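> So that we are looking at the same thing, I have put the structure below in structure tokens.
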Amino acid sequence: MFEWFGKKNFCAHTKVDGFAAHLRDGRLMGSTCTECGQLSFPPRSDCSACHGGEFTFTELSGRGTLLTFTSIDAAPAGFENDVPFFLGVIDLEESGRLLASFGQSIQPDDIAIDMPVQVVPRLIEESEDIKVHYTLEKPGTRWVKTNFYQGEK
Ligand SMILES: [Zn+2]
């Protein structure tokens, strides 16, 4: 299932590869250590607090606040047609930080440090490479099946 995340950046099998399957189904997941209860995002197969090796997935709200952002004007291979686009790092409400591009519900002029955002899982069935990802949207935005390259559906 982890191949749904793309061929370029991820190994085929990990202990946390269920993350991509949950994302495909519209759920953003962290991991909870079964030994000490530490909640982590991104999911960790080994606990950073107690070094335990067992965990369960825990669904996160996707709510967070914008820590920092940047515009991308010189895109990496495969994203040349998307420039300029904006990336943000957010502090998730429950635990952890997340890097994602901004979705269509937030216009560049409206992006501001500390603004509340909602992480929205995305599924791209038509793509050969990256099939699941997530975007930063206005609070309250819900998951929808989308074709990223042809606009919202
Ligand atoms: Zn632990």
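Within each chain, counting starts at residue 1; across the structure tokens, chains are named A, B, ... in the order shown, with ligands numbered 1 upward in that order.
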Contacts of A:Phe85 at 10 Å or less, counting only C-alpha atoms, minus same-chain residues fewer than 2 places along, as a VMD selection string?
chain A and resid 70 to 75 79 81 to 83 87 101 to 103 108
> Generate the output file for the selected residues, N, CA and C atoms, as a short mmCIF file (atom, residue, chain, number, x, y, z; two decimals), in the first residue's frame.

```cif
data_model
loop_
_atom_site.label_atom_id
_atom_site.label_comp_id
_atom_site.auth_asym_id
_atom_site.auth_seq_id
_atom_site.Cartn_x
_atom_site.Cartn_y
_atom_site.Cartn_z
N THR A 70 6.07 29.01 2.55
CA THR A 70 6.93 29.55 1.50
C THR A 70 6.25 29.38 0.16
N SER A 71 6.69 30.15 -0.83
CA SER A 71 6.20 29.95 -2.19
C SER A 71 7.28 29.21 -2.97
N ILE A 72 6.85 28.33 -3.87
CA ILE A 72 7.77 27.58 -4.72
C ILE A 72 7.62 28.12 -6.13
N ASP A 73 8.69 28.72 -6.64
CA ASP A 73 8.66 29.29 -7.98
C ASP A 73 9.53 28.50 -8.96
N ALA A 74 10.47 27.70 -8.44
CA ALA A 74 11.29 26.81 -9.26
C ALA A 74 10.99 25.39 -8.77
N ALA A 75 10.12 24.71 -9.47
CA ALA A 75 9.59 23.44 -8.98
C ALA A 75 10.52 22.27 -9.27
N PHE A 79 6.63 18.73 -11.10
CA PHE A 79 5.73 19.78 -10.59
C PHE A 79 5.91 21.09 -11.36
N ASN A 81 4.56 22.33 -13.95
CA ASN A 81 3.34 23.00 -14.42
C ASN A 81 2.50 23.59 -13.29
N ASP A 82 2.93 23.38 -12.05
CA ASP A 82 2.14 23.84 -10.91
C ASP A 82 2.63 25.15 -10.31
N VAL A 83 3.79 25.68 -10.75
CA VAL A 83 4.34 26.88 -10.15
C VAL A 83 3.56 28.12 -10.55
N LEU A 87 3.69 26.12 0.07
CA LEU A 87 3.81 25.04 1.04
C LEU A 87 3.75 25.63 2.44
N SER A 101 1.07 21.23 0.74
CA SER A 101 0.75 22.35 -0.12
C SER A 101 -0.62 22.91 0.27
N PHE A 102 -0.85 24.17 -0.09
CA PHE A 102 -2.15 24.78 0.16
C PHE A 102 -3.12 24.37 -0.93
N GLY A 103 -4.34 24.09 -0.52
CA GLY A 103 -5.38 23.73 -1.46
C GLY A 103 -6.09 24.96 -2.00
N PRO A 108 -3.42 32.73 -1.94
CA PRO A 108 -2.10 33.15 -1.46
C PRO A 108 -2.11 34.41 -0.60
#
```
> Using only C-alpha atoms and all ligand atoms, which residues of chain A come within 8 Å of ligand 1, and what is the closest atom pair for each, with the distance in Å to one decimal? Give it as CSV, sorted by chain and residue number.

```
residue,atom,partner,partner_atom_place_in_ligand_line,distance
A:Thr32,CA,ligand 1,1 (Zn),7.8
A:Cys33,CA,ligand 1,1 (Zn),4.6
A:Thr34,CA,ligand 1,1 (Zn),6.7
A:Glu35,CA,ligand 1,1 (Zn),5.1
A:Cys36,CA,ligand 1,1 (Zn),4.1
A:Gly37,CA,ligand 1,1 (Zn),5.9
A:Gln38,CA,ligand 1,1 (Zn),5.3
A:Asp46,CA,ligand 1,1 (Zn),7.7
A:Cys47,CA,ligand 1,1 (Zn),4.6
A:Ser48,CA,ligand 1,1 (Zn),6.6
A:Ala49,CA,ligand 1,1 (Zn),5.0
A:Cys50,CA,ligand 1,1 (Zn),4.1
A:His51,CA,ligand 1,1 (Zn),5.8
A:Gly52,CA,ligand 1,1 (Zn),5.1
A:Gly53,CA,ligand 1,1 (Zn),7.9
```
> Determine, counting only C-alpha atoms, which protein, DNA and RNA residues have an atom within 12 Å of an atom of A:Pro43; residues of the same chain fewer than 4 positions away are not included. Present the result as a PyMOL selection string.
chain A and resi 14-20+22+28-33+38-39+47-48+53-60+95-98
> From the list A:Pro121, A:Gly64, A:Gly78, A:Pro116, which residue is nearest A:Glu93 when using only C-alpha atoms?
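The closest residue to A:Glu93 is A:Gly64.
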> Would you please extract all strand (DSSP E or B) residues from chain A, as assigned by DSSP on the backbone, and give them as number ranges by chain?
A: 29-33, 39-40, 55-59, 63-72, 85-92, 97-102, 116-123, 132-137, 147, 151
> Would you mind reading off the distance between atom CA of A:Leu66 and atom CA of A:Ile113, one decimal, in Å?
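Going from atom CA of A:Leu66 over to atom CA of A:Ile113 covers 5.3 Å.
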> Going by DSSP on the backbone, which bits of stretch 9-122 of chain A are alpha helix (DSSP H)? Write them as a PDB file with N, CA and C atoms, in the first residue's frame, please.

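As written to disk, selection-v6.pdb reads:
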```
ATOM      1  N   GLY A  18       0.334   1.260   6.717  1.00  0.00           N
ATOM      2  CA  GLY A  18      -1.109   1.431   6.790  1.00  0.00           C
ATOM      3  C   GLY A  18      -1.534   2.889   6.739  1.00  0.00           C
ATOM      4  N   PHE A  19      -0.599   3.802   6.995  1.00  0.00           N
ATOM      5  CA  PHE A  19      -0.891   5.235   6.935  1.00  0.00           C
ATOM      6  C   PHE A  19      -1.467   5.618   5.575  1.00  0.00           C
ATOM      7  N   ALA A  20      -0.872   5.103   4.496  1.00  0.00           N
ATOM      8  CA  ALA A  20      -1.329   5.443   3.147  1.00  0.00           C
ATOM      9  C   ALA A  20      -2.728   4.889   2.891  1.00  0.00           C
ATOM     10  N   ALA A  21      -3.021   3.691   3.405  1.00  0.00           N
ATOM     11  CA  ALA A  21      -4.352   3.107   3.225  1.00  0.00           C
ATOM     12  C   ALA A  21      -5.407   3.951   3.940  1.00  0.00           C
ATOM     13  N   HIS A  22      -5.094   4.401   5.142  1.00  0.00           N
ATOM     14  CA  HIS A  22      -6.033   5.271   5.866  1.00  0.00           C
ATOM     15  C   HIS A  22      -6.214   6.590   5.123  1.00  0.00           C
ATOM     16  N   LEU A  23      -5.128   7.141   4.601  1.00  0.00           N
ATOM     17  CA  LEU A  23      -5.218   8.408   3.869  1.00  0.00           C
ATOM     18  C   LEU A  23      -6.106   8.235   2.627  1.00  0.00           C
ATOM     19  N   ARG A  24      -5.956   7.090   1.964  1.00  0.00           N
ATOM     20  CA  ARG A  24      -6.803   6.789   0.799  1.00  0.00           C
ATOM     21  C   ARG A  24      -8.278   6.838   1.163  1.00  0.00           C
TER      22      ARG A  24
END
```
> May I ask which of the residues A:Met115, A:Leu123, A:Leu92, A:Ile106 is the closest one to A:Glu137, counting only C-alpha atoms?
A:Ile106
> In terms of the shortest atom-to-atom distance over only C-alpha atoms, which of A:Phe69, A:Gln118, A:Pro76, A:Phe41 is closest to A:Gly88?
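Among the listed residues, A:Phe69 lies closest to A:Gly88.
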> How many Å lie between atom CA of A:Pro139 and atom CA of A:Ser105, rounded to one decimal?
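It comes out at 9.5 Å.
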